[in-house]
$ cat coords27.txt   # compact mmCIF, C-alpha atoms
# COMPACT_ATOMS: atom_id res chain seq x y z
CA MET A 294 4.09 -30.14 -23.24
CA ALA A 295 3.41 -29.68 -19.54
CA ALA A 296 1.96 -33.19 -19.41
CA ALA A 297 4.99 -34.52 -21.27
CA PHE A 298 7.68 -32.99 -19.09
CA ALA A 299 6.18 -32.30 -15.66
CA ALA A 300 5.99 -35.90 -14.44
CA PRO A 301 9.51 -37.01 -15.48
CA ILE A 302 11.17 -33.80 -14.27
CA GLY A 303 9.26 -33.90 -10.98
CA SER A 304 10.08 -37.58 -10.55
CA TYR A 305 13.77 -37.04 -11.26
CA PHE A 306 14.23 -34.11 -8.90
CA GLY A 307 11.99 -35.78 -6.34
CA GLY A 308 14.38 -38.72 -6.35
CA LEU A 309 17.36 -36.40 -5.90
CA PHE A 310 16.01 -33.95 -3.33
CA GLY A 311 12.66 -35.27 -2.07
CA TRP A 312 9.10 -34.42 -3.10
CA ARG A 313 8.66 -31.71 -0.47
CA GLU A 314 11.61 -29.79 -1.89
CA VAL A 315 10.14 -30.12 -5.40
CA PHE A 316 6.81 -28.72 -4.17
CA TRP A 317 8.53 -25.78 -2.49
CA ALA A 318 10.49 -25.08 -5.68
CA LEU A 319 7.21 -24.93 -7.59
CA THR A 320 5.70 -22.31 -5.29
CA PRO A 321 7.29 -19.22 -6.92
CA LEU A 322 6.53 -20.63 -10.39
CA VAL A 323 2.86 -21.03 -9.48
CA ALA A 324 2.74 -17.50 -8.05
CA ALA A 325 4.34 -16.06 -11.20
CA ASN A 326 1.87 -18.04 -13.32
CA LEU A 327 -1.07 -16.56 -11.39
CA VAL A 328 0.19 -13.02 -11.97
CA TRP A 329 0.75 -13.83 -15.65
CA HIS A 330 -2.86 -15.00 -15.96
CA LEU A 331 -4.19 -11.82 -14.35
CA VAL A 332 -2.16 -9.63 -16.70
CA ALA A 333 -2.42 -11.59 -19.96
CA LEU A 334 -5.94 -13.02 -20.06
CA PRO A 335 -8.65 -10.72 -21.43
CA SER A 336 -11.99 -10.17 -19.75
CA LEU A 337 -14.67 -12.54 -21.04
CA PRO A 338 -18.09 -11.29 -19.90
CA ALA A 339 -20.88 -13.85 -19.88
CA ARG A 340 -23.47 -13.79 -22.66
CA GLY A 341 -26.70 -14.22 -20.77
CA GLN A 342 -27.22 -16.02 -17.50
CA ARG A 343 -26.77 -19.71 -16.90
CA GLY A 344 -27.78 -21.54 -13.75
CA ILE A 345 -28.10 -24.91 -12.13
CA GLY A 346 -31.34 -25.42 -14.04
CA ASP A 347 -29.44 -25.70 -17.32
CA MET A 348 -27.28 -28.48 -15.89
CA LEU A 349 -30.28 -30.32 -14.49
CA ASP A 350 -31.97 -30.09 -17.87
CA LEU A 351 -28.98 -31.76 -19.49
CA LEU A 352 -28.95 -34.51 -16.88
CA ARG A 353 -32.59 -35.26 -17.71
CA ARG A 354 -31.49 -36.13 -21.24
CA ARG A 355 -30.87 -39.86 -21.07
CA TYR A 356 -28.26 -39.94 -23.83
CA PHE A 357 -26.21 -37.22 -22.14
CA LEU A 358 -26.45 -38.77 -18.69
CA ILE A 359 -25.33 -42.18 -19.99
CA GLY A 360 -22.46 -40.53 -21.87
CA LEU A 361 -21.42 -38.62 -18.77
CA ILE A 362 -21.34 -41.84 -16.72
CA ALA A 363 -19.34 -43.63 -19.41
CA SER A 364 -16.83 -40.79 -19.58
CA MET A 365 -16.45 -40.84 -15.79
CA LEU A 366 -15.74 -44.56 -15.85
CA SER A 367 -13.20 -44.07 -18.64
CA TRP A 368 -11.34 -41.34 -16.77
CA GLY A 369 -11.70 -43.19 -13.48
CA SER A 370 -10.09 -46.25 -15.05
CA ALA A 371 -7.26 -44.16 -16.46
CA PHE A 372 -6.44 -42.38 -13.22
CA THR A 373 -6.80 -45.43 -11.03
CA LEU A 374 -3.73 -46.63 -12.93
CA PHE A 375 -1.96 -43.36 -13.66
CA THR A 376 -1.97 -42.11 -10.07
CA TYR A 377 -0.11 -45.24 -8.95
CA LEU A 378 1.99 -45.86 -12.03
CA ARG A 379 5.16 -44.95 -10.17
CA PRO A 380 4.88 -47.70 -7.51
CA PHE A 381 4.10 -50.20 -10.29
CA LEU A 382 7.18 -49.20 -12.28
CA GLU A 383 9.33 -49.28 -9.16
CA GLN A 384 7.99 -52.49 -7.61
CA VAL A 385 7.12 -54.59 -10.66
CA THR A 386 9.17 -53.21 -13.54
CA GLY A 387 12.08 -52.60 -11.16
CA VAL A 388 13.34 -49.29 -12.52
CA GLY A 389 15.27 -46.67 -10.57
CA VAL A 390 14.95 -42.90 -10.65
CA THR A 391 16.51 -42.49 -14.10
CA GLY A 392 14.54 -45.34 -15.66
CA LEU A 393 11.33 -44.06 -14.09
CA SER A 394 11.92 -40.57 -15.46
CA ILE A 395 12.60 -41.95 -18.94
CA LEU A 396 9.43 -44.04 -18.94
CA LEU A 397 7.30 -41.12 -17.72
CA LEU A 398 8.87 -38.87 -20.35
CA THR A 399 8.05 -41.48 -23.00
CA LEU A 400 4.45 -41.58 -21.79
CA GLY A 401 4.21 -37.80 -21.78
CA CYS A 402 5.63 -37.41 -25.29
CA ALA A 403 3.20 -40.06 -26.54
CA GLY A 404 0.41 -38.00 -24.98
CA PHE A 405 1.62 -34.92 -26.87
CA VAL A 406 1.45 -36.89 -30.13
CA GLY A 407 -1.95 -38.31 -29.19
CA THR A 408 -3.40 -34.83 -28.67
CA TRP A 409 -2.04 -33.61 -32.00
CA ALA A 410 -3.17 -36.67 -33.97
CA SER A 411 -6.65 -36.82 -32.46
CA GLY A 412 -7.25 -33.13 -33.03
CA ARG A 413 -6.10 -33.46 -36.63
CA PHE A 414 -7.82 -36.66 -37.70
CA ILE A 415 -10.99 -36.98 -35.57
CA THR A 416 -13.80 -35.46 -37.60
CA GLY A 417 -17.50 -36.04 -38.02
CA ASP A 418 -19.53 -38.39 -35.85
CA VAL A 419 -17.34 -39.70 -33.00
CA SER A 420 -19.86 -42.16 -31.57
CA ARG A 421 -17.94 -45.13 -32.97
CA LEU A 422 -14.80 -43.93 -31.17
CA LEU A 423 -16.27 -43.43 -27.69
CA ARG A 424 -15.38 -46.93 -26.47
CA LEU A 425 -11.88 -46.83 -27.99
CA PRO A 426 -10.09 -45.10 -25.07
CA ALA A 427 -11.42 -47.44 -22.37
CA LEU A 428 -10.95 -50.48 -24.61
CA THR A 429 -7.38 -49.59 -25.55
CA MET A 430 -6.19 -48.43 -22.13
CA GLY A 431 -7.89 -51.36 -20.41
CA ALA A 432 -6.08 -53.74 -22.77
CA VAL A 433 -2.77 -51.96 -22.13
CA THR A 434 -3.30 -52.22 -18.38
CA ALA A 435 -3.96 -55.94 -18.76
CA GLY A 436 -0.76 -56.15 -20.77
CA LEU A 437 1.17 -54.47 -17.96
CA LEU A 438 -0.03 -57.20 -15.60
CA VAL A 439 1.45 -59.80 -17.95
CA VAL A 440 4.68 -58.23 -19.26
CA GLY A 441 5.14 -55.22 -16.96
CA GLY A 442 8.23 -56.77 -15.43
CA TRP A 443 10.23 -56.03 -18.59
CA PRO A 444 11.15 -52.34 -18.95
CA ILE A 445 11.10 -52.31 -22.76
CA ALA A 446 7.70 -54.01 -22.94
CA ALA A 447 6.36 -51.65 -20.28
CA GLY A 448 7.69 -48.68 -22.24
CA VAL A 449 5.98 -49.79 -25.45
CA LEU A 450 2.68 -50.26 -23.64
CA LEU A 451 3.00 -46.85 -21.98
CA VAL A 452 3.45 -45.22 -25.39
CA VAL A 453 0.09 -46.63 -26.48
CA TRP A 454 -1.52 -45.73 -23.16
CA GLY A 455 -0.19 -42.18 -23.16
CA ALA A 456 -1.33 -41.45 -26.71
CA MET A 457 -4.83 -42.79 -26.03
CA ASN A 458 -5.10 -41.00 -22.68
CA THR A 459 -4.88 -37.59 -24.30
CA ALA A 460 -6.94 -38.65 -27.32
CA MET A 461 -9.68 -39.57 -24.85
CA SER A 462 -10.14 -35.90 -23.94
CA VAL A 463 -10.52 -34.88 -27.58
CA ILE A 464 -12.97 -37.73 -28.30
CA TRP A 465 -15.26 -37.07 -25.34
CA MET A 466 -15.15 -33.28 -25.65
CA THR A 467 -16.02 -33.61 -29.34
CA TRP A 468 -18.96 -35.83 -28.39
CA MET A 469 -20.09 -33.19 -25.91
CA SER A 470 -19.90 -30.36 -28.43
CA GLN A 471 -21.86 -32.37 -31.01
CA ASN A 472 -24.61 -33.52 -28.66
CA ALA A 473 -25.11 -30.56 -26.31
CA GLU A 474 -24.54 -27.68 -28.70
CA ASP A 475 -27.59 -25.85 -27.37
CA ALA A 476 -26.10 -25.65 -23.86
CA PRO A 477 -22.30 -25.61 -24.23
CA GLU A 478 -21.56 -23.83 -20.95
CA ALA A 479 -23.69 -26.19 -18.88
CA ALA A 480 -22.33 -29.24 -20.71
CA GLY A 481 -18.76 -28.05 -20.28
CA GLY A 482 -19.27 -27.43 -16.58
CA LEU A 483 -20.76 -30.89 -16.09
CA MET A 484 -17.97 -32.57 -18.05
CA VAL A 485 -15.24 -30.80 -16.09
CA ALA A 486 -16.91 -31.64 -12.77
CA ALA A 487 -17.44 -35.26 -13.84
CA VAL A 488 -13.83 -35.68 -14.96
CA GLN A 489 -12.43 -34.16 -11.77
CA ALA A 490 -14.71 -36.33 -9.64
CA SER A 491 -13.68 -39.47 -11.52
CA ILE A 492 -9.99 -38.60 -11.13
CA LEU A 493 -10.53 -38.08 -7.40
CA LEU A 494 -12.46 -41.33 -6.96
CA GLY A 495 -9.99 -43.27 -9.10
CA ALA A 496 -7.10 -42.05 -6.98
CA VAL A 497 -8.94 -42.84 -3.74
CA VAL A 498 -9.94 -46.35 -4.83
CA GLY A 499 -6.46 -47.03 -6.16
CA GLY A 500 -4.89 -45.81 -2.93
CA LEU A 501 -7.08 -48.03 -0.78
CA LEU A 502 -6.30 -51.06 -2.94
CA LEU A 503 -2.59 -50.28 -2.85
CA ASP A 504 -2.61 -49.89 0.94
CA HIS A 505 -4.69 -52.96 1.75
CA LEU A 506 -3.99 -55.35 -1.14
CA SER A 507 -1.31 -54.80 -3.76
CA ILE A 508 -0.33 -52.78 -6.82
CA HIS A 509 -1.73 -55.61 -8.94
CA ALA A 510 -5.16 -55.02 -7.39
CA VAL A 511 -4.95 -51.40 -8.53
CA LEU A 512 -4.45 -52.48 -12.14
CA ILE A 513 -7.26 -55.03 -11.93
CA ALA A 514 -9.63 -52.32 -10.67
CA SER A 515 -8.60 -50.08 -13.55
CA ILE A 516 -9.35 -52.87 -16.02
CA ALA A 517 -12.75 -53.49 -14.40
CA LEU A 518 -13.75 -49.82 -14.69
CA ALA A 519 -12.66 -49.76 -18.34
CA ALA A 520 -14.71 -52.90 -19.06
CA VAL A 521 -17.84 -51.36 -17.56
CA ALA A 522 -17.29 -48.20 -19.64
CA VAL A 523 -17.03 -50.27 -22.83
CA LEU A 524 -20.21 -52.17 -21.96
CA ILE A 525 -22.13 -48.93 -21.37
CA VAL A 526 -20.92 -47.24 -24.55
CA ARG A 527 -21.37 -50.29 -26.84
CA ASP A 528 -21.48 -48.87 -30.39
CA GLY A 529 -22.07 -45.32 -29.13
CA ARG A 530 -25.43 -44.88 -30.85
CA THR A 531 -27.39 -44.58 -27.60
CA LEU A 532 -25.18 -41.64 -26.59
CA LEU A 533 -26.26 -39.51 -29.56
CA LYS A 534 -28.76 -36.69 -29.44
CA PRO A 535 -32.09 -37.81 -30.93
CA LEU A 536 -32.77 -36.35 -34.38

$ encode --input "coords27.txt" --output "structure tokens"
Amino acid sequence: MAAAFAAPIGSYFGGLFGWREVFWALTPLVAANLVWHLVALPSLPARGQRGIGDMLDLLRRRYFLIGLIASMLSWGSAFTLFTYLRPFLEQVTGVGVTGLSILLLTLGCAGFVGTWASGRFITGDVSRLLRLPALTMGAVTAGLLVVGGWPIAAGVLLVVWGAMNTAMSVIWMTWMSQNAEDAPEAAGGLMVAAVQASILLGAVVGGLLLDHLSIHAVLIASIALAAVAVLIVRDGRTLLKPL
């Protein structure tokens, strides 16, 4: 729900008052949230000790390392686009503050549905699904290059993109739990670090392309990253833990 409503609400009020004012308005909410966490969350003591050696051991497993790289490329592709979706919608689609907020709300609601559906229907071996997020979102990004100038067409594509963006998390985290069940803490730490790094790099690359080339170059880079992810994953069998 936060993903569904934060972007459109922030965009709308940012258009009315400015993004600095929106950030200042969030400050007391963030402080209250921190206090709430301290009061509400129970203590979860560690069961045994885990160190950097556990992570290095996982990285020595070829199937896990390849999967980690593929997941980074998938998230990097997604956030190369998502970080700069607003300038695309403003410059190419030509929407104003209200239209932008509606499109972002549509994307967020689709993401809410994608999380629910993927959690409900994804069961068993997910190897065949690992290339689906990059393949689908890459195709949608290519579609935005072609028909992104029409608001309705852009909205339809964003529905597909938003649903698959959140399904991607469920798919890759399910893969992790199935193929690194003997070291879940180390695997989880590596996945979180990899995702955050790919989001950071995607945003940086997208920003450089936007500054020095154009918003279209940002989308092309996103498509390229998605294509490499699909090529690495292939049918997903090489990303499975050996029997």

$ residues_around --input "coords27.txt" --residues "region 488-496 of chain A" --least-positions-apart "3" --cutoff "8 Å" --atoms "all atoms listed in the file" --output "list in words"
Ser364, Met365, Leu366, Trp368, Gly369, Ser370, Ala371, Phe372, Thr373, Thr376, Tyr377, Met484, Val485, Gly499 and Gly500 of chain A

$ atom_distance --input "coords27.txt" --atom1 "CA of Pro301 (chain A)" --atom2 "CA of Ala517 (chain A)"
27.7 Å

$ residues_around --input "coords27.txt" --residues "Asn472 (chain A)" --least-positions-apart "6" --cutoff "12 Å" --atoms "all atoms listed in the file" --output "list in words"
Leu351, Arg354, Arg355, Tyr356, Phe357, Leu358, Gly360, Leu361, Asp418, Val419, Ser420, Trp465, Met466, Ala480, Gly481, Arg530, Thr531, Leu532, Leu533, Lys534, Pro535 and Leu536 of chain A

$ residues_around --input "coords27.txt" --residues "Ala519 (chain A)" --least-positions-apart "4" --cutoff "7 Å" --atoms "only C-alpha atoms" --output "list of chain:residue names"
A:Leu366, A:Ser367, A:Ser370, A:Ala427, A:Leu428, A:Gly431, A:Ser515, A:Val523

$ atom_distance --input "coords27.txt" --atom1 "CA of Leu393 (chain A)" --atom2 "CA of Leu502 (chain A)"
22.0 Å

$ atom_distance --input "coords27.txt" --atom1 "CA of Ala460 (chain A)" --atom2 "CA of Val497 (chain A)"
24.0 Å
